[in-house]
$ cat query.txt   # compact mmCIF, C-alpha atoms and all ligand atoms
# COMPACT_ATOMS: atom_id res chain seq x y z
CA MET P 1 91.80 118.36 107.27
CA ARG P 2 88.77 116.30 108.14
CA LYS P 3 89.57 113.58 110.62
CA LEU P 4 86.38 111.57 110.31
CA LEU P 5 86.55 108.52 108.09
CA PRO P 6 84.26 108.87 105.12
CA ILE P 7 81.24 106.64 105.11
CA TYR P 8 82.48 104.39 102.36
CA LEU P 9 85.67 103.68 104.26
CA CYS P 10 83.63 102.63 107.29
CA ALA P 11 81.64 100.37 105.01
CA LEU P 12 84.87 98.94 103.64
CA LEU P 13 86.12 98.34 107.17
CA SER P 14 83.07 96.29 108.02
CA ILE P 15 83.50 94.32 104.80
CA ILE P 16 87.11 93.55 105.67
CA LEU P 17 86.31 92.60 109.25
CA PHE P 18 83.71 90.15 108.01
CA SER P 19 85.78 88.95 105.10
CA CYS P 20 88.90 88.24 107.14
CA LYS P 21 87.10 85.77 109.32
CA LYS P 22 88.11 82.23 108.65
CA ASN P 23 85.49 81.36 106.08
CA ASN P 24 82.31 82.78 104.73
CA ILE P 25 79.79 80.07 104.08
CA GLU P 26 76.40 81.39 103.15
CA ASP P 27 73.72 79.90 105.34
CA THR P 28 70.96 78.09 103.52
CA GLY P 29 69.96 75.98 106.52
CA ILE P 30 70.79 72.71 104.74
CA PRO P 31 73.45 70.62 106.46
CA GLU P 32 76.32 70.09 104.09
CA ILE P 33 79.32 67.82 103.85
CA THR P 34 82.55 69.72 103.67
CA GLY P 35 86.26 69.21 103.42
CA THR P 36 89.28 71.48 103.80
CA ILE P 37 92.06 72.44 101.41
CA THR P 38 95.27 73.97 102.76
CA GLY P 39 98.09 75.53 100.78
CA LYS P 40 100.51 78.39 100.29
CA VAL P 41 100.24 81.13 97.64
CA VAL P 42 103.51 82.52 96.25
CA SER P 43 104.77 84.77 93.46
CA PRO P 44 105.73 83.04 90.15
CA ASN P 45 109.42 82.95 91.12
CA ASN P 46 108.45 81.15 94.38
CA ARG P 47 110.31 83.84 96.33
CA THR P 48 107.54 85.92 97.85
CA PRO P 49 104.54 84.62 99.81
CA ILE P 50 101.40 86.37 98.61
CA ARG P 51 99.54 87.93 101.52
CA TYR P 52 95.87 88.83 101.59
CA ALA P 53 95.08 86.79 98.48
CA LEU P 54 91.44 85.78 98.20
CA VAL P 55 91.10 82.01 97.83
CA PHE P 56 87.68 80.70 96.85
CA ILE P 57 85.59 77.90 95.45
CA SER P 58 82.34 78.93 93.80
CA THR P 59 79.69 76.23 93.48
CA GLY P 60 76.84 77.91 91.70
CA LYS P 61 74.81 78.87 94.75
CA LYS P 62 77.60 79.32 97.25
CA LEU P 63 80.97 80.97 97.51
CA TYR P 64 83.45 79.54 99.99
CA SER P 65 86.29 81.97 100.59
CA THR P 66 89.19 82.85 102.80
CA TYR P 67 92.32 85.01 102.68
CA THR P 68 95.98 84.04 102.88
CA ASP P 69 97.85 85.12 105.99
CA THR P 70 101.18 87.00 106.17
CA GLU P 71 103.01 83.77 105.25
CA GLY P 72 100.78 83.22 102.20
CA ASN P 73 99.09 80.22 103.88
CA PHE P 74 95.39 79.48 103.70
CA SER P 75 92.87 76.92 104.90
CA LEU P 76 89.63 76.80 102.93
CA THR P 77 86.62 74.73 103.95
CA ALA P 78 84.18 74.08 101.11
CA ALA P 79 81.53 71.63 99.99
CA ALA P 80 83.02 68.18 99.35
CA GLY P 81 83.39 67.25 95.69
CA LEU P 82 85.93 66.12 93.15
CA GLN P 83 87.58 68.26 90.47
CA GLN P 84 86.42 71.63 91.71
CA GLU P 85 87.98 74.89 90.59
CA LEU P 86 89.91 76.63 93.30
CA HIS P 87 90.47 80.30 92.48
CA VAL P 88 93.09 82.61 93.93
CA GLN P 89 93.17 86.33 93.19
CA THR P 90 94.42 89.65 94.54
CA GLY P 91 92.69 92.97 93.97
CA HIS P 92 89.72 92.47 91.69
CA GLY P 93 91.13 89.32 90.11
CA ASP P 94 91.48 91.08 86.77
CA LYS P 95 95.26 91.52 87.01
CA PHE P 96 96.41 88.62 89.17
CA ARG P 97 94.65 85.27 89.41
CA SER P 98 95.15 81.52 89.11
CA ILE P 99 92.76 78.60 88.90
CA ILE P 100 93.63 75.01 89.78
CA GLN P 101 91.59 71.81 90.06
CA VAL P 102 91.20 70.35 93.54
CA ASP P 103 89.42 67.40 95.14
CA VAL P 104 87.67 68.45 98.33
CA ILE P 105 87.43 65.21 100.31
CA ALA P 106 84.59 64.97 102.84
CA ASN P 107 85.63 65.48 106.46
CA GLN P 108 89.31 65.61 105.54
CA THR P 109 92.01 68.22 105.31
CA THR P 110 93.86 67.92 102.01
CA PRO P 111 97.11 69.87 101.62
CA LEU P 112 97.99 71.00 98.09
CA SER P 113 100.92 69.01 96.75
CA ASP P 114 102.64 72.10 95.32
CA LEU P 115 102.96 75.83 95.99
CA LEU P 116 100.11 77.78 94.41
CA ARG P 117 101.64 80.42 92.13
CA LEU P 118 99.67 83.61 91.57
CA ASN P 119 99.76 84.43 87.86
CA GLN P 120 99.82 87.85 86.26
CA VAL P 121 96.95 88.18 83.77
CA GLY P 122 97.00 91.99 83.32
CA ASN P 123 99.44 94.00 81.23
CA PHE P 124 101.71 96.43 83.05
CA ALA P 125 104.09 99.19 81.99
CA TYR P 126 106.32 101.60 83.86
CA LEU P 127 107.96 104.93 83.25
CA ALA P 128 111.38 104.73 84.90
CA GLY P 129 112.43 107.57 87.16
CA SER P 130 115.44 109.14 88.83
CA TYR P 131 114.46 108.20 92.39
CA ASP P 132 111.92 105.39 92.55
CA LYS P 133 112.53 101.93 91.09
CA ILE P 134 109.18 100.19 91.63
CA GLU P 135 109.97 97.95 88.64
CA ASN P 136 112.58 96.17 90.75
CA ILE P 137 109.90 95.05 93.19
CA LEU P 138 107.49 94.15 90.41
CA ILE P 139 109.93 92.29 88.15
CA ASP P 140 112.91 91.16 90.24
CA SER P 141 111.32 90.57 93.59
CA LEU P 142 107.85 89.32 92.64
CA GLY P 143 108.75 87.81 89.26
CA TYR P 144 106.04 89.56 87.24
CA ASN P 145 106.63 91.49 84.03
CA ALA P 146 106.16 95.05 82.78
CA GLN P 147 107.05 96.99 79.65
CA SER P 148 109.36 99.97 79.93
CA LEU P 149 107.76 103.10 78.43
CA ASN P 150 109.26 106.40 77.37
CA SER P 151 107.64 109.80 77.54
CA ASN P 152 106.33 109.53 73.94
CA SER P 153 104.13 106.55 74.85
CA ILE P 154 102.06 108.44 77.40
CA GLN P 155 101.18 111.44 75.20
CA ASN P 156 98.12 109.67 73.83
CA ILE P 157 95.65 107.06 75.11
CA ALA P 158 96.55 104.82 72.16
CA GLY P 159 100.07 104.47 73.58
CA ILE P 160 98.83 103.09 76.91
CA ALA P 161 95.42 101.53 76.19
CA ASN P 162 96.86 98.00 76.11
CA TYR P 163 97.88 98.17 79.75
CA ASN P 164 95.83 97.46 82.86
CA ALA P 165 98.17 99.44 85.10
CA LEU P 166 100.93 102.01 84.75
CA PHE P 167 103.71 102.70 87.23
CA ILE P 168 105.07 106.25 87.08
CA ASP P 169 108.28 106.50 89.08
CA CYS P 170 109.24 109.56 91.08
CA GLY P 171 111.33 111.80 88.84
CA ALA P 172 110.24 110.14 85.57
CA TYR P 173 113.06 110.90 83.14
CA ASN P 174 112.53 113.93 80.89
CA THR P 175 108.76 113.72 81.17
CA TYR P 176 106.76 116.80 82.04
CA VAL P 177 103.04 117.02 82.53
CA ASN P 178 101.14 118.62 79.65
CA PRO P 179 97.56 118.61 78.33
CA ASN P 180 98.19 115.57 76.10
CA ILE P 181 99.33 113.45 79.04
CA ASP P 182 96.40 114.77 81.09
CA SER P 183 93.96 113.62 78.44
CA ALA P 184 95.65 110.21 78.10
CA PHE P 185 95.68 109.54 81.87
CA SER P 186 92.13 110.85 82.30
CA ASN P 187 90.79 108.42 79.69
CA PHE P 188 93.02 105.64 81.00
CA VAL P 189 91.65 105.79 84.56
CA SER P 190 88.07 106.39 83.37
CA GLY P 191 88.43 103.31 81.16
CA GLY P 192 89.39 101.17 84.17
CA GLY P 193 93.19 101.49 84.07
CA SER P 194 95.07 101.88 87.36
CA LEU P 195 97.95 104.22 88.13
CA TYR P 196 100.77 103.99 90.65
CA MET P 197 102.30 107.43 91.24
CA SER P 198 105.16 108.10 93.62
CA ASP P 199 106.32 111.37 95.17
CA TYR P 200 107.22 113.86 92.37
CA SER P 201 104.75 112.07 90.09
CA MET P 202 102.11 114.13 91.90
CA ASP P 203 102.76 116.51 88.97
CA PHE P 204 100.82 114.11 86.71
CA LEU P 205 97.84 114.11 89.10
CA THR P 206 97.18 117.70 90.17
CA GLY P 207 99.77 119.48 88.05
CA GLN P 208 103.23 120.92 88.18
CA ASN P 209 104.19 121.87 91.68
CA ALA P 210 104.69 125.63 91.84
CA LEU P 211 106.64 125.23 95.09
CA THR P 212 104.14 127.65 96.51
CA ALA P 213 101.95 127.21 99.55
CA CYS P 214 98.67 125.36 99.14
CA PRO P 215 96.16 126.07 97.74
CA ALA P 216 97.95 128.09 95.03
CA PRO P 217 96.98 126.52 91.67
CA ARG P 218 99.06 123.72 90.15
CA TYR P 219 99.38 123.81 86.37
CA TYR P 220 97.98 120.96 84.24
CA GLY P 221 97.24 117.60 85.83
CA PHE P 222 93.97 115.69 85.28
CA ILE P 223 92.82 115.58 88.91
CA ASP P 224 91.10 118.61 90.37
CA ASP P 225 93.48 120.68 92.51
CA SER P 226 90.85 120.81 95.26
CA THR P 227 91.09 117.05 95.93
CA VAL P 228 94.67 117.09 97.20
CA CYS P 229 97.46 119.62 97.57
CA SER P 230 101.10 118.75 98.23
CA ARG P 231 104.36 120.69 98.51
CA ARG P 232 107.97 119.59 98.27
CA THR P 233 108.71 120.35 101.91
CA GLY P 234 109.49 116.84 103.24
CA ALA P 235 112.83 116.55 105.06
CA VAL P 236 115.32 113.68 105.18
CA SER P 237 113.80 111.96 108.17
CA VAL P 238 112.27 108.89 109.71
CA VAL P 239 108.59 108.73 110.61
CA PRO P 240 108.96 106.26 113.48
CA ASN P 241 105.33 105.31 114.14
CA ALA P 242 103.54 105.89 110.87
CA HIS P 243 99.92 104.92 111.45
CA VAL P 244 98.49 102.29 109.09
CA VAL P 245 94.87 103.44 108.82
CA SER P 246 93.66 101.07 106.09
CA PRO P 247 92.17 97.81 107.48
CA GLU P 248 93.29 95.99 104.32
CA LEU P 249 96.86 97.20 104.75
CA GLN P 250 96.78 96.35 108.45
CA TYR P 251 95.80 92.80 107.54
CA PHE P 252 98.50 92.65 104.85
CA LEU P 253 101.24 93.90 107.20
CA GLY P 254 99.96 92.16 110.32
CA LYS P 255 100.35 95.43 112.25
CA ASP P 256 99.05 98.97 112.40
CA SER P 257 102.20 101.03 112.81
CA MET P 258 105.60 101.02 111.13
CA SER P 259 108.68 103.10 110.54
CA ILE P 260 109.13 104.92 107.22
CA SER P 261 112.53 106.34 106.25
CA TYR P 262 112.79 109.23 103.78
CA ASN P 263 116.32 109.14 102.35
CA LEU P 264 115.91 112.20 100.14
CA GLY P 265 114.78 115.69 101.06
CA THR P 266 112.05 117.82 99.45
CA TRP P 267 109.58 114.96 99.11
CA GLU P 268 105.94 115.81 98.42
CA ARG P 269 104.18 116.42 101.72
CA ILE P 270 100.41 116.37 101.47
CA GLN P 271 99.04 119.59 102.96
CA SER P 272 95.33 119.10 102.40
CA ILE P 273 93.07 116.36 101.12
CA ASP P 274 89.41 115.79 100.25
CA ASN P 275 88.45 112.66 102.17
CA ASN P 276 85.39 112.14 100.01
CA PHE P 277 87.64 111.61 97.01
CA TRP P 278 90.78 110.05 98.48
CA GLN P 279 91.12 107.19 100.92
CA THR P 280 94.01 107.70 103.34
CA MET P 281 95.92 104.48 104.03
CA ILE P 282 98.92 105.64 106.12
CA THR P 283 99.40 108.85 108.12
CA ASP P 284 102.20 110.64 109.94
CA PRO P 285 100.96 110.73 113.56
CA THR P 286 102.77 114.00 114.35
CA ASP P 287 100.48 116.08 112.13
CA ASN P 288 98.03 113.48 110.74
CA SER P 289 99.20 114.21 107.18
CA PRO P 290 98.61 111.39 104.69
CA LEU P 291 101.67 109.45 103.49
CA LEU P 292 99.84 106.97 101.24
CA ILE P 293 96.47 107.58 99.56
CA ARG P 294 94.33 106.01 96.87
CA THR P 295 91.08 106.64 95.05
CA ASN P 296 88.75 104.88 92.63
CA GLN P 297 86.45 107.90 92.44
CA TYR P 298 87.91 109.53 89.36
CA SER P 299 85.88 109.60 86.16
CA ASN P 300 85.81 112.11 83.32
CA GLY P 301 82.33 110.99 82.34
CA ASN P 302 83.48 110.24 78.79
CA ILE P 303 81.23 107.39 77.70
CA ASN P 304 83.38 107.04 74.59
CA ALA P 305 86.56 106.49 76.61
CA PRO P 306 88.22 103.39 75.16
CA PHE P 307 88.32 100.16 77.14
CA VAL P 308 91.83 99.70 78.46
CA GLY P 309 93.84 96.65 79.42
CA SER P 310 93.94 93.02 78.42
CA ARG P 311 90.66 91.37 77.53
CA ASP P 312 89.83 87.75 78.26
CA SER P 313 86.14 87.15 77.59
CA SER P 314 86.25 83.78 79.38
CA GLN P 315 86.65 85.61 82.71
CA VAL P 316 84.23 88.18 84.10
CA THR P 317 84.56 90.54 87.07
CA ILE P 318 81.46 90.68 89.28
CA CYS P 319 80.35 92.00 92.67
CA HIS P 320 79.40 88.98 94.78
CA GLN P 321 77.03 89.44 97.75
CA MET P 322 78.38 87.58 100.77
CA GLY P 323 74.98 87.17 102.40
CA ASN P 324 75.97 89.08 105.55
CA GLY P 325 75.49 92.52 104.05
CA SER P 326 79.01 92.74 102.66
CA SER P 327 80.21 92.18 99.13
CA ILE P 328 83.47 91.30 97.38
CA THR P 329 84.74 91.81 93.86
CA ILE P 330 85.72 88.52 92.23
CA THR P 331 86.66 87.45 88.72
CA VAL P 332 84.98 84.20 87.69
CA ASN P 333 84.45 82.00 84.66
CA ALA P 334 81.96 83.52 82.24
CA ASN P 335 79.87 80.35 82.36
CA SER P 336 79.22 80.80 86.10
CA VAL P 337 78.03 84.42 85.85
CA ALA P 338 74.36 83.48 85.47
CA ASP P 339 74.45 81.57 88.79
CA HIS P 340 75.96 84.59 90.51
CA LEU P 341 73.45 87.03 89.07
CA ALA P 342 70.69 84.65 90.21
CA HIS P 343 71.72 85.04 93.86
CA GLY P 344 71.79 88.81 93.68
CA ASP P 345 75.26 89.66 92.40
CA SER P 346 75.91 92.42 89.88
CA MET P 347 78.29 92.89 86.98
CA GLY P 348 81.52 94.83 87.50
CA MET P 349 83.48 95.86 90.58
CA CYS P 350 81.76 96.52 93.93
CA ASN P 351 81.64 100.06 95.32
CA ASN P 352 82.81 101.57 92.07
CA PRO P 353 79.90 103.30 90.30
CA ASN P 354 82.01 104.50 87.37
CA GLN P 355 84.07 101.29 87.10
CA SER P 356 87.21 103.43 87.24
CA GLY P 357 90.73 102.26 87.92
CA TRP P 358 92.62 102.85 91.15
CA ILE P 359 95.04 105.72 91.54
CA TYR P 360 97.61 105.16 94.28
CA PHE P 361 99.82 108.03 95.38
CA THR P 362 102.69 107.29 97.74
CA THR P 363 105.05 109.84 99.31
CA PHE P 364 107.65 107.06 99.89
CA HIS P 365 108.88 104.50 97.39
CA ASN P 366 111.60 102.07 96.42
CA GLU P 367 115.14 103.48 96.26
CA HIS P 368 117.63 103.07 93.42
CA ASN P 369 120.04 101.42 95.87
CA GLY P 370 117.25 99.10 97.05
CA GLN P 371 117.75 100.21 100.65
CA ILE P 372 114.22 100.01 101.97
CA SER P 373 112.79 98.31 105.02
CA GLU P 374 110.84 95.06 104.84
CA ASP P 375 107.68 96.94 105.85
CA VAL P 376 108.04 99.46 103.01
CA LYS P 377 108.72 96.61 100.61
CA HIS P 378 105.52 94.88 101.72
CA ILE P 379 103.50 98.06 101.20
CA LEU P 380 104.89 98.39 97.68
CA GLU P 381 103.90 94.75 97.10
CA PHE P 382 100.40 95.55 98.38
CA MET P 383 100.04 98.40 95.87
CA ILE P 384 101.24 96.23 92.98
CA LEU P 385 98.96 93.32 93.88
CA ASN P 386 95.90 95.48 94.54
CA LEU P 387 95.91 97.91 91.64
ZN ZN B 401 78.01 85.25 93.67
$ encode --input "query.txt" --output "structure tokens"
Amino acid sequence: MRKLLPIYLCALLSIILFSCKKNNIEDTGIPEITGTITGKVVSPNNRTPIRYALVFISTGKKLYSTYTDTEGNFSLTAAAGLQQELHVQTGHGDKFRSIIQVDVIANQTTPLSDLLRLNQVGNFAYLAGSYDKIENILIDSLGYNAQSLNSNSIQNIAGIANYNALFIDCGAYNTYVNPNIDSAFSNFVSGGGSLYMSDYSMDFLTGQNALTACPAPRYYGFIDDSTVCSRRTGAVSVVPNAHVVSPELQYFLGKDSMSISYNLGTWERIQSIDNNFWQTMITDPTDNSPLLIRTNQYSNGNINAPFVGSRDSSQVTICHQMGNGSSITITVNANSVADHLAHGDSMGMCNNPNQSGWIYFTTFHNEHNGQISEDVKHILEFMILNL
């Protein structure tokens, strides 16, 4: 396994380090009058503070932005002005976002009068499984919604094209990978749809696990076997100091190591990984094996792949240049796109040449009895909010 971080991850790290500073105000050399808005971002049921949400005000030429902390709190300083649109989003802003009107009063700090609820704007579906119950975090804990699918729905792209993200639980009931599912998932991710896959759902990525040593071929699966190889060799155990490698996840958790408990044996241990394709987010320090990975590098090159997900033409996802060499993906009102393009932004997500969806693969997951640690719960929330 290569231990060096790939170049794009280093680039991401520098973006995050810049972005997580208090505010990014692009320097035009003109003194400006500003004010500050403070508030707290929460899930729609008011139960869960939303961490690492991007809060911003975009005023044509400038973007004023900050991130919520681990309590969901933020403090945003922006140009003074009445009735401005304050945006909050997670991920690319295409699945979760809210917009409210605020008055930014010069030289004052104005607290929001109410909690700022982060709305779901993407469509989600899940395939329930024998071991994972991610839908409990998504629906019960966060208060968002998702359709329950059965194995028939995922045999064809038409059955899933309405969704922005699919959650495939470990041990999905009576569903076995086959070429139809491969084709559907391949077009889904190439069309911009995101996948959450836990543990035994690795079958849907690289193919049915032959229980043989890597790199023996896996059968079916839409991801090339050479990108990752896992085996069901994980023991019932606790990884006491799992290393959180991802800067984004470190920010979200407020720490860089945590304990992960595996309640069931024979979980999928990753034996080898292509670091040019996958981004490793958490590792087991004893052997450096990845425990949580993601990629947005998959594309089948099918230019006729159907667009997937919900479509709201009043909102457009763009790559905004921060002015310090870094960039962030934001979703903005269509009528402000021209201003953004004029200061050097580009259409679509940053650092995603094929505009593909994310694929997250996690070796750990929610349990049917709900017995998971707060840290694991927060990581599952991160994956949901950043698909
Ligand atoms: Zn911009």
$ closest_residue --input "query.txt" --among "P:Val102, P:Met197, P:Ala79, P:Ala165" --to "P:Gln120" --atoms "only C-alpha atoms"
P:Ala165
$ closest_atom_pairs --input "query.txt" --of "chain P" --to "ligand ZN 401 (chain B)" --cutoff "12 Å" --atoms "only C-alpha atoms and all ligand atoms" --output "Markdown table"
| residue | atom | partner | partner_atom | distance |
| --- | --- | --- | --- | --- |
| P:Ile25 | CA | B:ZN401 | ZN | 11.8 |
| P:Glu26 | CA | B:ZN401 | ZN | 10.4 |
| P:Phe56 | CA | B:ZN401 | ZN | 11.2 |
| P:Ile57 | CA | B:ZN401 | ZN | 10.7 |
| P:Ser58 | CA | B:ZN401 | ZN | 7.7 |
| P:Thr59 | CA | B:ZN401 | ZN | 9.2 |
| P:Gly60 | CA | B:ZN401 | ZN | 7.7 |
| P:Lys61 | CA | B:ZN401 | ZN | 7.2 |
| P:Lys62 | CA | B:ZN401 | ZN | 6.9 |
| P:Leu63 | CA | B:ZN401 | ZN | 6.5 |
| P:Tyr64 | CA | B:ZN401 | ZN | 10.1 |
| P:Ser65 | CA | B:ZN401 | ZN | 11.3 |
| P:Val316 | CA | B:ZN401 | ZN | 11.8 |
| P:Thr317 | CA | B:ZN401 | ZN | 10.7 |
| P:Ile318 | CA | B:ZN401 | ZN | 7.8 |
| P:Cys319 | CA | B:ZN401 | ZN | 7.2 |
| P:His320 | CA | B:ZN401 | ZN | 4.1 |
| P:Gln321 | CA | B:ZN401 | ZN | 5.9 |
| P:Met322 | CA | B:ZN401 | ZN | 7.5 |
| P:Gly323 | CA | B:ZN401 | ZN | 9.4 |
| P:Ser326 | CA | B:ZN401 | ZN | 11.7 |
| P:Ser327 | CA | B:ZN401 | ZN | 9.1 |
| P:Ile328 | CA | B:ZN401 | ZN | 9.0 |
| P:Thr329 | CA | B:ZN401 | ZN | 9.4 |
| P:Ile330 | CA | B:ZN401 | ZN | 8.5 |
| P:Thr331 | CA | B:ZN401 | ZN | 10.2 |
| P:Val332 | CA | B:ZN401 | ZN | 9.2 |
| P:Asn333 | CA | B:ZN401 | ZN | 11.5 |
| P:Ser336 | CA | B:ZN401 | ZN | 8.9 |
| P:Val337 | CA | B:ZN401 | ZN | 7.9 |
| P:Ala338 | CA | B:ZN401 | ZN | 9.1 |
| P:Asp339 | CA | B:ZN401 | ZN | 7.1 |
| P:His340 | CA | B:ZN401 | ZN | 3.8 |
| P:Leu341 | CA | B:ZN401 | ZN | 6.7 |
| P:Ala342 | CA | B:ZN401 | ZN | 8.1 |
| P:His343 | CA | B:ZN401 | ZN | 6.3 |
| P:Gly344 | CA | B:ZN401 | ZN | 7.2 |
| P:Asp345 | CA | B:ZN401 | ZN | 5.4 |
| P:Ser346 | CA | B:ZN401 | ZN | 8.4 |
| P:Met347 | CA | B:ZN401 | ZN | 10.2 |
| P:Gly348 | CA | B:ZN401 | ZN | 11.9 |
| P:Cys350 | CA | B:ZN401 | ZN | 11.9 |
$ write_last_selection --input "query.txt" --atoms "C-alpha atoms" --output "tab-separated table (two decimals), keeping the file's coordinate frame"
chain	number	residue	atom	x	y	z
P	25	ILE	CA	79.79	80.07	104.08
P	26	GLU	CA	76.40	81.39	103.15
P	56	PHE	CA	87.68	80.70	96.85
P	57	ILE	CA	85.59	77.90	95.45
P	58	SER	CA	82.34	78.93	93.80
P	59	THR	CA	79.69	76.23	93.48
P	60	GLY	CA	76.84	77.91	91.70
P	61	LYS	CA	74.81	78.87	94.75
P	62	LYS	CA	77.60	79.32	97.25
P	63	LEU	CA	80.97	80.97	97.51
P	64	TYR	CA	83.45	79.54	99.99
P	65	SER	CA	86.29	81.97	100.59
P	316	VAL	CA	84.23	88.18	84.10
P	317	THR	CA	84.56	90.54	87.07
P	318	ILE	CA	81.46	90.68	89.28
P	319	CYS	CA	80.35	92.00	92.67
P	320	HIS	CA	79.40	88.98	94.78
P	321	GLN	CA	77.03	89.44	97.75
P	322	MET	CA	78.38	87.58	100.77
P	323	GLY	CA	74.98	87.17	102.40
P	326	SER	CA	79.01	92.74	102.66
P	327	SER	CA	80.21	92.18	99.13
P	328	ILE	CA	83.47	91.30	97.38
P	329	THR	CA	84.74	91.81	93.86
P	330	ILE	CA	85.72	88.52	92.23
P	331	THR	CA	86.66	87.45	88.72
P	332	VAL	CA	84.98	84.20	87.69
P	333	ASN	CA	84.45	82.00	84.66
P	336	SER	CA	79.22	80.80	86.10
P	337	VAL	CA	78.03	84.42	85.85
P	338	ALA	CA	74.36	83.48	85.47
P	339	ASP	CA	74.45	81.57	88.79
P	340	HIS	CA	75.96	84.59	90.51
P	341	LEU	CA	73.45	87.03	89.07
P	342	ALA	CA	70.69	84.65	90.21
P	343	HIS	CA	71.72	85.04	93.86
P	344	GLY	CA	71.79	88.81	93.68
P	345	ASP	CA	75.26	89.66	92.40
P	346	SER	CA	75.91	92.42	89.88
P	347	MET	CA	78.29	92.89	86.98
P	348	GLY	CA	81.52	94.83	87.50
P	350	CYS	CA	81.76	96.52	93.93
$ axis_aligned_box --input "query.txt" --around "stretch 378-382 of chain P" --padding-each-side "3 Å" --output "AutoDock Vina command-line options"
--center_x 103.0 --center_y 96.6 --center_z 99.4 --size_x 11.1 --size_y 9.6 --size_z 10.6
$ residues_near_point --input "query.txt" --point "(97.3, 128.9, 94.8)" --cutoff "12 Å" --atoms "only C-alpha atoms" --output "PDB file with C-alpha atoms, keeping the file's coordinate frame"
ATOM      1  CA  GLY P 207      99.770 119.480  88.050  1.00  0.00           C
ATOM      2  CA  GLN P 208     103.230 120.920  88.180  1.00  0.00           C
ATOM      3  CA  ASN P 209     104.190 121.870  91.680  1.00  0.00           C
ATOM      4  CA  ALA P 210     104.690 125.630  91.840  1.00  0.00           C
ATOM      5  CA  LEU P 211     106.640 125.230  95.090  1.00  0.00           C
ATOM      6  CA  THR P 212     104.140 127.650  96.510  1.00  0.00           C
ATOM      7  CA  ALA P 213     101.950 127.210  99.550  1.00  0.00           C
ATOM      8  CA  CYS P 214      98.670 125.360  99.140  1.00  0.00           C
ATOM      9  CA  PRO P 215      96.160 126.070  97.740  1.00  0.00           C
ATOM     10  CA  ALA P 216      97.950 128.090  95.030  1.00  0.00           C
ATOM     11  CA  PRO P 217      96.980 126.520  91.670  1.00  0.00           C
ATOM     12  CA  ARG P 218      99.060 123.720  90.150  1.00  0.00           C
ATOM     13  CA  TYR P 219      99.380 123.810  86.370  1.00  0.00           C
ATOM     14  CA  ASP P 225      93.480 120.680  92.510  1.00  0.00           C
ATOM     15  CA  SER P 226      90.850 120.810  95.260  1.00  0.00           C
ATOM     16  CA  CYS P 229      97.460 119.620  97.570  1.00  0.00           C
ATOM     17  CA  SER P 230     101.100 118.750  98.230  1.00  0.00           C
ATOM     18  CA  ARG P 231     104.360 120.690  98.510  1.00  0.00           C
TER      19      ARG P 231
END
$ closest_residue --input "query.txt" --among "P:Thr295, P:Asn119, P:Ser237, P:Ser201" --to "P:Ile100" --atoms "only C-alpha atoms"
P:Asn119
$ atom_distance --input "query.txt" --atom1 "atom CA of P:His243" --atom2 "atom CA of P:Met258"
6.9 Å
$ closest_residue --input "query.txt" --among "P:Leu166, P:Val228, P:Ala128, P:Val244" --to "P:Ile273" --atoms "all atoms listed in the file"
P:Val228
$ atom_distance --input "query.txt" --atom1 "atom CA of P:Gly143" --atom2 "atom CA of P:Tyr52"
17.9 Å
$ atom_distance --input "query.txt" --atom1 "atom CA of P:Gly370" --atom2 "atom CA of P:Arg294"
23.9 Å
$ residues_around --input "query.txt" --residues "P:Ile137" --least-positions-apart "4" --cutoff "8 Å" --atoms "all atoms listed in the file" --output "PyMOL selection string"
chain P and resi 133+141-142+366+377+380-381
$ closest_residue --input "query.txt" --among "P:Pro306, P:Asp103, P:Thr227, P:Asp284" --to "P:Ser272" --atoms "only C-alpha atoms"
P:Thr227
$ closest_residue --input "query.txt" --among "P:Asn241, P:Thr34, P:Thr283, P:Asn369" --to "P:Asp132" --atoms "all atoms listed in the file"
P:Asn369
$ closest_residue --input "query.txt" --among "P:Gln371, P:Thr233, P:Thr90, P:Pro44" --to "P:Leu138" --atoms "all atoms listed in the file"
P:Pro44
